[in-house]
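Trainee: File start-v5.cif follows (mmCIF, C-alpha atoms and all ligand atoms):
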data_start
loop_
_atom_site.label_atom_id
_atom_site.label_comp_id
_atom_site.auth_asym_id
_atom_site.auth_seq_id
_atom_site.Cartn_x
_atom_site.Cartn_y
_atom_site.Cartn_z
CA MET A 65 106.72 18.98 -19.90
CA LYS A 66 106.03 22.32 -18.27
CA ASN A 67 103.04 23.68 -20.16
CA PHE A 68 99.67 25.21 -19.36
CA THR A 69 96.54 26.60 -20.90
CA ILE A 70 93.58 28.78 -20.01
CA THR A 71 90.14 27.62 -20.99
CA GLY A 72 86.48 27.79 -20.05
CA GLY A 73 83.67 30.32 -20.06
CA GLU A 74 83.38 33.99 -20.68
CA LYS A 75 85.54 36.33 -18.69
CA THR A 76 84.59 39.52 -16.91
CA PRO A 77 87.11 42.39 -17.15
CA PHE A 78 88.51 41.31 -13.78
CA LEU A 79 88.90 37.70 -14.90
CA THR A 80 90.54 38.82 -18.13
CA TRP A 81 93.07 40.79 -16.10
CA TYR A 82 93.51 37.94 -13.66
CA THR A 83 94.06 35.18 -16.23
CA GLU A 84 96.41 37.45 -18.23
CA GLY A 85 98.40 37.91 -15.01
CA LEU A 86 98.58 34.15 -14.48
CA LYS A 87 99.60 33.65 -18.09
CA GLU A 88 102.41 36.17 -17.85
CA LYS A 89 103.69 34.86 -14.51
CA PHE A 90 103.70 31.16 -15.49
CA SER A 91 105.31 32.03 -18.85
CA THR A 92 108.06 34.03 -17.15
CA GLU A 93 108.74 31.07 -14.88
CA GLY A 94 109.37 28.74 -17.82
CA TYR A 95 105.93 27.28 -18.49
CA GLU A 96 104.96 27.11 -22.14
CA PHE A 97 101.53 28.55 -22.89
CA CYS A 98 99.33 26.42 -25.21
CA GLU A 99 96.41 28.08 -26.99
CA GLU A 100 94.65 24.70 -27.09
CA PRO A 101 95.05 21.97 -24.46
CA VAL A 102 97.31 19.15 -25.67
CA ASP A 103 96.73 15.63 -24.28
CA ASP A 104 99.53 15.75 -21.72
CA ILE A 105 98.97 19.34 -20.62
CA ARG A 106 100.31 19.91 -17.10
CA ILE A 107 98.20 22.76 -15.73
CA VAL A 108 94.78 23.91 -16.91
CA PHE A 109 93.15 27.09 -15.63
CA ASN A 110 89.45 26.59 -16.29
CA VAL A 111 87.17 29.60 -15.87
CA ILE A 112 83.78 28.32 -14.69
CA GLU A 113 80.35 29.87 -14.42
CA GLN A 114 78.11 29.81 -11.37
CA GLU A 115 75.03 28.43 -13.08
CA LYS A 116 76.81 25.80 -15.11
CA PRO A 117 80.33 25.00 -13.89
CA ARG A 118 81.62 22.97 -16.84
CA PRO A 119 84.41 20.53 -16.02
CA PHE A 120 87.60 20.36 -18.02
CA ARG A 121 87.93 16.70 -19.07
CA ARG A 122 91.50 15.51 -18.62
CA LYS A 123 93.15 13.04 -20.92
CA ALA A 124 96.03 12.37 -18.53
CA GLN A 125 96.27 11.74 -14.82
CA ALA A 126 99.11 14.22 -14.53
CA THR A 127 96.96 17.13 -15.66
CA PHE A 128 96.26 19.48 -12.78
CA VAL A 129 93.05 21.45 -13.20
CA VAL A 130 92.49 24.74 -11.42
CA SER A 131 88.93 26.01 -11.69
CA ILE A 132 88.43 29.76 -11.37
CA LEU A 133 85.11 31.25 -10.30
CA GLU A 134 84.31 34.89 -9.66
CA LYS A 135 81.50 36.14 -7.45
CA ASN A 136 80.52 39.72 -6.78
CA GLU A 137 79.11 39.26 -3.34
CA GLU A 138 80.52 37.46 -0.38
CA PRO A 139 78.53 34.33 0.52
CA GLU A 140 77.71 33.74 4.17
CA ASN A 141 79.86 30.65 4.37
CA ILE A 142 82.58 30.83 1.74
CA PHE A 143 83.92 27.33 2.13
CA GLU A 144 80.50 25.65 2.00
CA THR A 145 79.54 27.68 -1.05
CA ALA A 146 82.80 27.14 -2.85
CA TYR A 147 83.57 23.45 -2.23
CA PRO A 148 80.78 22.02 -4.43
CA TYR A 149 82.16 24.05 -7.38
CA LEU A 150 85.52 22.32 -6.96
CA ILE A 151 83.72 18.98 -7.09
CA ARG A 152 81.28 19.81 -9.88
CA SER A 153 84.02 21.09 -12.16
CA LEU A 154 86.19 17.99 -11.39
CA ALA A 155 89.09 20.21 -10.42
CA ASN A 156 92.18 19.62 -8.30
CA HIS A 157 92.03 23.15 -6.98
CA LEU A 158 89.52 25.99 -6.97
CA ILE A 159 90.32 29.68 -7.02
CA PHE A 160 87.23 31.39 -5.67
CA ILE A 161 87.32 35.13 -6.19
CA VAL A 162 85.06 37.42 -4.20
CA ASN A 163 85.19 40.73 -5.94
CA ASN A 164 83.31 43.64 -4.49
CA LYS A 165 83.93 47.32 -4.80
CA GLU A 166 86.14 47.75 -1.77
CA LYS A 167 88.40 44.77 -2.12
CA THR A 168 89.15 41.49 -3.80
CA ASP A 169 89.64 38.31 -1.80
CA VAL A 170 91.04 35.27 -3.53
CA TYR A 171 90.34 31.94 -1.79
CA PHE A 172 92.13 28.71 -2.61
CA ILE A 173 90.23 25.48 -1.97
CA THR A 174 91.57 21.91 -2.16
CA PRO A 175 89.86 18.49 -2.21
CA GLU A 176 91.32 17.86 1.26
CA GLN A 177 89.16 20.78 2.39
CA GLY A 178 92.15 23.04 2.58
CA PHE A 179 91.16 26.66 2.53
CA TYR A 180 93.25 29.80 2.54
CA LYS A 181 93.04 33.34 1.28
CA LEU A 182 95.11 36.02 -0.43
CA SER A 183 93.72 39.55 -0.53
CA TYR A 184 94.44 41.83 -3.42
CA GLN A 185 94.95 45.57 -3.13
CA SER A 186 95.11 47.37 -6.47
CA GLU A 187 98.59 48.37 -7.61
CA GLU A 188 99.98 45.42 -5.70
CA LYS A 189 103.07 44.29 -7.57
CA ASP A 190 103.85 40.86 -6.19
CA PHE A 191 100.27 39.50 -6.24
CA PHE A 192 100.91 37.02 -9.06
CA GLN A 193 104.24 36.09 -7.53
CA LYS A 194 102.38 35.11 -4.35
CA ILE A 195 99.84 33.09 -6.32
CA TYR A 196 102.59 31.36 -8.26
CA GLU A 197 104.49 30.45 -5.08
CA ARG A 198 101.34 28.94 -3.59
CA LEU A 199 100.07 27.14 -6.65
CA GLU A 200 103.01 25.91 -8.68
CA PRO A 201 104.47 23.35 -6.22
CA VAL A 202 100.99 21.95 -5.68
CA ALA A 203 100.18 21.80 -9.39
CA SER A 204 103.43 20.12 -10.36
CA ALA A 205 103.34 17.43 -7.65
CA GLN A 206 103.19 13.83 -8.82
CA LEU A 207 100.28 11.60 -7.85
CA VAL A 208 100.93 8.01 -6.78
CA ILE A 209 97.53 6.48 -6.86
CA ASP A 210 97.65 3.32 -8.89
CA ASN A 211 96.83 0.07 -7.13
CA HIS A 212 97.93 -3.41 -8.04
CA PHE A 213 95.75 -6.12 -6.47
CA ALA A 214 96.72 -9.78 -6.10
CA ASN A 215 94.37 -12.47 -4.75
CA ASN A 216 97.14 -13.94 -2.67
CA LEU A 217 96.30 -12.95 0.88
CA ASP A 218 97.14 -15.68 3.37
CA GLN A 219 93.96 -17.62 4.16
CA ASN A 220 94.48 -17.04 7.90
CA LEU A 221 93.99 -13.34 7.23
CA TRP A 222 90.85 -13.43 5.08
CA ASN A 223 88.77 -12.43 8.06
CA GLY A 224 91.44 -10.21 9.57
CA ASN A 225 93.30 -10.70 12.84
CA ASN A 226 93.76 -8.97 16.17
CA ILE A 227 95.37 -6.00 14.38
CA THR A 228 92.40 -5.38 12.10
CA GLN A 229 90.04 -5.77 15.07
CA LYS A 230 92.00 -3.04 16.81
CA MET A 231 91.67 -0.89 13.68
CA TYR A 232 87.92 -1.43 13.71
CA ALA A 233 87.79 -0.25 17.34
CA SER A 234 90.07 2.70 16.59
CA GLY A 235 87.94 3.84 13.66
CA LYS A 236 84.92 3.77 15.94
CA LYS A 237 86.82 5.79 18.49
CA LEU A 238 87.76 8.45 15.93
CA ASP A 239 84.07 8.76 15.17
CA GLU A 240 83.21 9.13 18.87
CA MET A 241 85.89 11.78 19.17
CA ASN A 242 84.12 13.61 16.36
CA LEU A 243 87.20 13.35 14.14
CA LEU A 244 85.47 11.79 11.16
CA PRO A 245 83.61 14.53 9.34
CA ALA A 246 80.75 13.27 7.17
CA PRO A 247 82.04 12.16 3.77
CA PHE A 248 81.24 14.71 1.11
CA PRO A 249 78.13 13.49 -0.78
CA LEU A 250 79.83 13.31 -4.18
CA ASP A 251 76.94 11.55 -5.91
CA LYS A 252 74.62 14.41 -4.94
CA TYR A 253 76.66 16.74 -7.12
CA LEU A 254 78.01 14.49 -9.86
CA SER A 255 76.58 12.39 -12.67
CA SER A 256 77.68 8.76 -12.96
CA ARG A 257 79.91 9.75 -15.89
CA ASP A 258 81.67 12.33 -13.74
CA MET A 259 81.97 9.84 -10.88
CA ARG A 260 83.69 7.42 -13.22
CA GLN A 261 86.14 10.08 -14.35
CA LEU A 262 86.86 11.04 -10.76
CA LYS A 263 87.61 7.42 -9.89
CA LYS A 264 89.81 6.94 -12.90
CA LEU A 265 91.83 10.10 -12.70
CA TYR A 266 92.03 10.92 -9.03
CA GLY A 267 91.85 7.33 -7.83
CA ILE A 268 89.27 8.14 -5.22
CA GLY A 269 86.13 6.21 -4.47
CA GLY A 270 84.63 8.94 -2.39
CA LEU A 271 85.66 11.96 -0.44
CA SER A 272 85.85 10.89 3.17
CA TYR A 273 88.55 12.39 5.27
CA GLY A 274 91.27 10.75 7.32
CA ASN A 275 92.77 7.27 7.46
CA LEU A 276 94.57 4.89 9.77
CA SER A 277 97.01 2.03 9.46
CA SER A 278 98.76 -0.52 11.61
CA ARG A 279 101.90 -2.55 10.99
CA HIS A 280 101.59 -6.28 10.24
CA ASP A 281 105.27 -7.21 9.98
CA ASP A 282 108.51 -5.63 8.80
CA LYS A 283 107.28 -5.51 5.18
CA SER A 284 103.55 -5.00 5.28
CA PHE A 285 100.79 -3.09 7.00
CA TRP A 286 97.01 -2.84 7.16
CA MET A 287 95.31 0.37 6.09
CA SER A 288 91.80 1.76 5.77
CA ALA A 289 90.63 1.80 2.15
CA SER A 290 89.73 4.96 0.25
CA GLY A 291 86.34 6.53 0.78
CA VAL A 292 85.06 3.98 3.32
CA ASN A 293 83.27 4.76 6.55
CA LYS A 294 86.07 4.56 9.09
CA ALA A 295 83.57 4.13 11.91
CA ASN A 296 82.67 0.66 10.62
CA MET A 297 85.63 -1.12 9.02
CA ARG A 298 84.93 -4.85 8.88
CA VAL A 299 85.59 -6.45 5.48
CA ILE A 300 89.18 -7.32 4.59
CA GLY A 301 89.92 -6.28 1.00
CA GLN A 302 87.21 -3.65 1.09
CA ASP A 303 87.29 -1.67 4.33
CA ILE A 304 90.78 -2.67 5.40
CA LEU A 305 93.55 -3.53 2.94
CA TYR A 306 96.74 -5.53 3.36
CA ILE A 307 99.50 -3.44 1.74
CA ASN A 308 102.67 -5.23 0.71
CA GLY A 309 104.70 -2.42 -0.71
CA TYR A 310 105.22 0.01 -3.50
CA ASN A 311 106.13 -0.96 -7.05
CA PRO A 312 108.21 1.85 -8.57
CA LYS A 313 108.02 0.36 -12.08
CA LYS A 314 104.23 0.41 -12.11
CA ASN A 315 104.07 3.43 -9.84
CA ALA A 316 101.51 1.48 -7.83
CA MET A 317 100.80 0.23 -4.32
CA GLU A 318 100.91 -3.58 -4.05
CA ILE A 319 97.87 -4.96 -2.24
CA SER A 320 96.98 -8.54 -1.28
CA VAL A 321 93.29 -9.36 -1.04
CA PRO A 322 91.21 -12.49 -0.38
CA PRO A 323 89.88 -14.33 -3.46
CA ARG A 324 86.45 -13.51 -4.89
CA ILE A 325 86.27 -9.97 -3.62
CA SER A 326 85.98 -6.77 -5.60
CA PRO A 327 88.52 -4.75 -3.71
CA LYS A 328 88.32 -1.08 -2.82
CA ARG A 329 91.23 1.19 -3.67
CA ALA A 330 93.91 2.02 -1.14
CA SER A 331 93.79 5.35 0.59
CA VAL A 332 95.79 7.89 -1.42
CA ASP A 333 98.09 8.31 1.57
CA ALA A 334 99.22 4.67 1.44
CA ILE A 335 102.54 5.70 -0.15
CA GLU A 336 103.24 8.03 2.77
CA HIS A 337 102.49 5.40 5.39
CA TRP A 338 104.61 2.89 3.47
CA MET A 339 107.61 5.26 3.47
CA ILE A 340 107.30 5.84 7.21
CA TYR A 341 106.95 2.14 8.13
CA LYS A 342 109.88 1.21 5.93
CA GLU A 343 112.20 3.77 7.45
CA HIS A 344 111.20 3.48 11.10
CA PRO A 345 110.86 -0.10 12.39
CA LYS A 346 109.50 1.20 15.71
CA VAL A 347 106.48 2.86 14.10
CA GLY A 348 103.60 0.46 14.69
CA ALA A 349 100.64 2.61 13.69
CA ILE A 350 99.78 5.84 11.85
CA VAL A 351 96.63 7.94 12.08
CA HIS A 352 95.73 10.80 9.76
CA ILE A 353 92.90 13.14 10.72
CA HIS A 354 91.63 16.49 9.51
CA ALA A 355 92.22 18.19 12.83
CA TRP A 356 94.99 20.10 14.57
CA MET A 357 97.08 20.28 17.74
CA ASP A 358 98.93 23.19 19.30
CA GLY A 359 102.70 23.54 19.13
CA ILE A 360 103.42 21.07 16.35
CA THR A 361 105.79 21.14 13.37
CA ALA A 362 103.99 21.56 10.06
CA THR A 363 104.69 21.33 6.34
CA GLU A 364 105.25 24.58 4.41
CA ILE A 365 103.39 23.69 1.24
CA ASN A 366 99.98 22.09 1.04
CA TYR A 367 100.80 19.32 -1.44
CA PRO A 368 97.78 17.29 -2.51
CA CYS A 369 97.02 13.96 -0.85
CA GLY A 370 98.53 10.99 -2.62
CA THR A 371 101.51 12.82 -4.10
CA ILE A 372 105.11 11.73 -3.73
CA GLN A 373 105.93 15.25 -2.57
CA LEU A 374 103.48 15.15 0.34
CA ALA A 375 104.71 11.69 1.33
CA GLU A 376 108.36 12.79 1.21
CA THR A 377 107.73 16.01 3.11
CA VAL A 378 105.85 14.23 5.89
CA ALA A 379 108.41 11.40 6.01
CA ASP A 380 111.13 14.03 6.30
CA LEU A 381 109.40 15.74 9.24
CA VAL A 382 108.88 12.37 10.93
CA ARG A 383 112.61 11.66 10.49
CA ARG A 384 113.48 14.95 12.14
CA ALA A 385 111.12 14.50 15.10
CA ASP A 386 112.65 13.88 18.55
CA ASP A 387 111.17 10.39 18.45
CA PRO A 388 110.04 9.39 14.92
CA SER A 389 107.94 6.58 16.36
CA ARG A 390 105.89 9.13 18.33
CA ALA A 391 105.64 12.14 16.03
CA VAL A 392 102.78 14.56 15.42
CA ILE A 393 103.18 16.26 12.04
CA GLY A 394 100.97 19.09 10.79
CA LEU A 395 99.95 19.14 7.14
CA LYS A 396 99.35 22.77 6.29
CA ASN A 397 95.70 23.64 5.56
CA HIS A 398 94.87 19.98 5.84
CA GLY A 399 95.37 18.01 9.07
CA LEU A 400 97.66 15.80 11.15
CA THR A 401 99.68 12.66 10.62
CA ILE A 402 100.50 10.95 13.91
CA THR A 403 102.85 8.04 14.42
CA GLY A 404 102.89 5.72 17.41
CA ARG A 405 104.18 2.39 18.73
CA ASP A 406 100.64 1.11 18.24
CA LEU A 407 97.14 2.55 17.90
CA ASP A 408 96.63 2.77 21.69
CA ASP A 409 99.82 4.77 21.99
CA ILE A 410 98.46 7.29 19.46
CA PHE A 411 95.06 7.66 21.11
CA GLU A 412 96.58 8.12 24.58
CA ARG A 413 98.60 11.03 23.22
CA ILE A 414 95.91 12.81 21.24
CA GLU A 415 92.82 12.44 23.45
CA GLY A 416 91.84 15.81 24.84
CA GLN A 417 94.53 17.51 22.74
CA VAL A 418 93.03 17.75 19.27
CA ILE A 419 91.25 20.77 17.85
CA THR A 420 88.68 19.74 15.22
CA GLN A 421 89.23 22.94 13.20
CA VAL A 422 92.36 23.05 11.02
CA PRO A 423 93.72 26.62 11.06
CA SER A 424 93.98 28.19 7.60
CA ALA A 425 97.41 29.58 6.83
ZN ZN B 1 93.72 14.15 4.53
#
Output the structure of this file as C-alpha cells.
Ligand SMILES: [Zn+2]

Mentor:
Amino acid sequence: MKNFTITGGEKTPFLTWYTEGLKEKFSTEGYEFCEEPVDDIRIVFNVIEQEKPRPFRRKAQATFVVSILEKNEEPENIFETAYPYLIRSLANHLIFIVNNKEKTDVYFITPEQGFYKLSYQSEEKDFFQKIYERLEPVASAQLVIDNHFANNLDQNLWNGNNITQKMYASGKKLDEMNLLPAPFPLDKYLSSRDMRQLKKLYGIGGLSYGNLSSRHDDKSFWMSASGVNKANMRVIGQDILYINGYNPKKNAMEISVPPRISPKRASVDAIEHWMIYKEHPKVGAIVHIHAWMDGITATEINYPCGTIQLAETVADLVRRADDPSRAVIGLKNHGLTITGRDLDDIFERIEGQVITQVPSA
C-alpha cells in the first residue's frame, strides 16, 4: 500500500510550506495521503521539536519514519547536532532544516551516518522533485531483518574454529586501522522502552558500524553479530554467528547457535553477504566499513542497511566487477563493501588505501 501521513508538533510558516510541498509531491506520485496514521502506513513525516523530539510509534516494521526538524541557526557541527535527534525520535531518516535569512539548507541524515544536503533557493521549481527522488526509493525499500535461531550448531564449532579465530584477529586489525568508529551510545539518549522498540522494529541491538564475514563452506558463513564490538569478537552465537541461509517464507536469516546461549541478532547486512557468497563461490570473505577509497564504483541510491534493495544493488555491482571475488563497492553516503578470497586478501588490498571519511554526495 502506497500511503503516507504527516504528524507531529506545531509547524512554523516554513514547515507548513515544506510539509504541504511534500504532501503535494507524494500525492502526485501516487501515494495516498491519510489524515490519521493507519496501522500499516508506509511513510510518516513526523515534525519534531528541539526541546522534546517526540517519536512516532510504529505499529508495523514496514513503516518508514522521517523526522523533520527546523533550526534557525546553523550549529557548529551539523552532523553531531542532528544525529541524536534521529535516534531520539526513533526515525529511519531525519530531515534537518537550517533556515536562516539568506538561505535554507536541508540535510538528510541516516542511521548509517549518511549525510547529504540539498540547498533551497526561493522560487526553485524542482525542489520537491529532488527531495522525492532522494527519499522515495529509500522509504519504500524492504527490510530483511528477522532472524531464526536453531540450537543445532555442530559441537565441534561451539568454540569456533580457525576461521572464527581469523575473524577475531581481523576485527582487532580494523580497530587498529581506526576503521571502527565508537558505537553510538544509544542508551545515553533512549529510555529502555524506546530501546525495546528499536530492537523490535529495526532489529538492531546497538548502533555500531561495519561488519565482517568469512565463508565456512558452500552453504554457510560466519558473520559478526549486530551491535557487537568488532575489536573483540570471541563468543560463538553472540559475537560471531554461523549463518546457514535465508528463509524466504519467514523472510528471515537462518542461524545455528550452540545450546544454552542467548544469541545476538545477525548484522542487518547478513542478507547481502549471503547473496554474494551464494552467487560467487570464489568469494571467501567480505568486509564492510564506513570508510572510502578513491576510484571505486558506487551505488546511486543510499538504501538503508538491511534492505533487499541495498543487498541486490551491491550484489549487482559485485557481479559486474572485473573480478567479483576481489571487488570494492562504494555504498553512497555510507561506506564500502569489499570482497576477497579470504580476509588476508582483503586487508592486503585495503591497507594504506582507505580514507576514514565517507564523502557526502
Ligand atoms: Zn554500514

Trainee: Given all atoms listed in the file as the basis, pick out the residue of A:Thr377, A:Gln177, A:Asn211, A:Ser320 nearest to ligand ZN 1 (chain B).

Mentor: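 Ranking A:Thr377, A:Gln177, A:Asn211, A:Ser320 by distance to ligand ZN 1 (chain B), first place goes to A:Gln177.
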
Trainee: What gap, in Å, lies between CA of Phe143 (chain A) and CA of Phe192 (chain A)?

Mentor: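 Going from CA of Phe143 (chain A) over to CA of Phe192 (chain A), I get 22.5 Å.
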
Trainee: Can you pull out every residue within 10 Å of region 91-104 of chain A, counting all atoms listed in the file, but drop anything in the same chain fewer than 3 positions away, and send it as a PyMOL selection string?

Mentor: chain A and resi 65-71+85-88+107-108+120+122-127+193+196+200

Trainee: How many Å lie between CA of Ala155 (chain A) and CA of Ser290 (chain A), rounded to one decimal?

Mentor: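 Going from CA of Ala155 (chain A) over to CA of Ser290 (chain A) covers 18.6 Å.
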
Trainee: Show me a table, sorted first by chain and then by increasing residue number, of the residues of region 293-330 of chain A having an atom at most 12 Å from region 231-245 of chain A, each with its shortest atom pair and the distance in Å to one decimal, counting all atoms listed in the file and written as CSV.

Mentor:
residue,atom,partner,partner_atom,distance
A:Asn293,CA,A:Gly235,CA,8.6
A:Lys294,CA,A:Gly235,CA,5.0
A:Ala295,CA,A:Lys236,CA,4.3
A:Asn296,CA,A:Tyr232,CA,6.4
A:Met297,CA,A:Tyr232,CA,5.2
A:Arg298,CA,A:Tyr232,CA,6.6
A:Val299,CA,A:Tyr232,CA,9.9
A:Ile300,CA,A:Tyr232,CA,10.9
A:Asp303,CA,A:Tyr232,CA,9.4
A:Ile304,CA,A:Met231,CA,8.5
A:Leu305,CA,A:Met231,CA,11.2

Trainee: Could you list the protein, DNA and RNA residues that have any atom within 6 Å of ligand ZN 1 (chain B), counting only C-alpha atoms and all ligand atoms, and write them as an NGL selection string?

Mentor: :A and (176 or 273-274 or 354)

Trainee: With a distance cut-off of 10 Å and all atoms listed in the file, select the neighbouring residues of region 336-342 of chain A, excluding the residue or stretch itself and same-chain residues fewer than 2 positions from it, and output the selection as a count of residues only.

Mentor: 47

Trainee: So that I can check the surroundings of Ile195 (chain A), please list as a list in words every protein, DNA and RNA residue that reaches within 10 Å of it, counting all atoms listed in the file and ignoring chain neighbours fewer than 6 positions away.

Mentor: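 Residues near the query, excluding close chain neighbours: Leu86, Lys89, Val170, Phe172 and Leu182 of chain A.
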
Trainee: Taking into account all atoms listed in the file, which residue in the set A:Thr83, A:Asn397, A:Arg390, A:Phe191 is nearest to Glu412 (chain A)?

Mentor: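 For Glu412 (chain A), the nearest of the candidates is A:Arg390.
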
Trainee: As an exercise, work out the distance from CA of Thr168 (chain A) to CA of Ser204 (chain A) in Å and give it to one decimal place.

Mentor: 26.5 Å

Trainee: A:Asp406, A:Pro249, A:Gln421, A:Ile360: which is nearest Val392 (chain A), counting all atoms listed in the file?

Mentor: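 Of all the options, A:Ile360 lies closest to Val392 (chain A).
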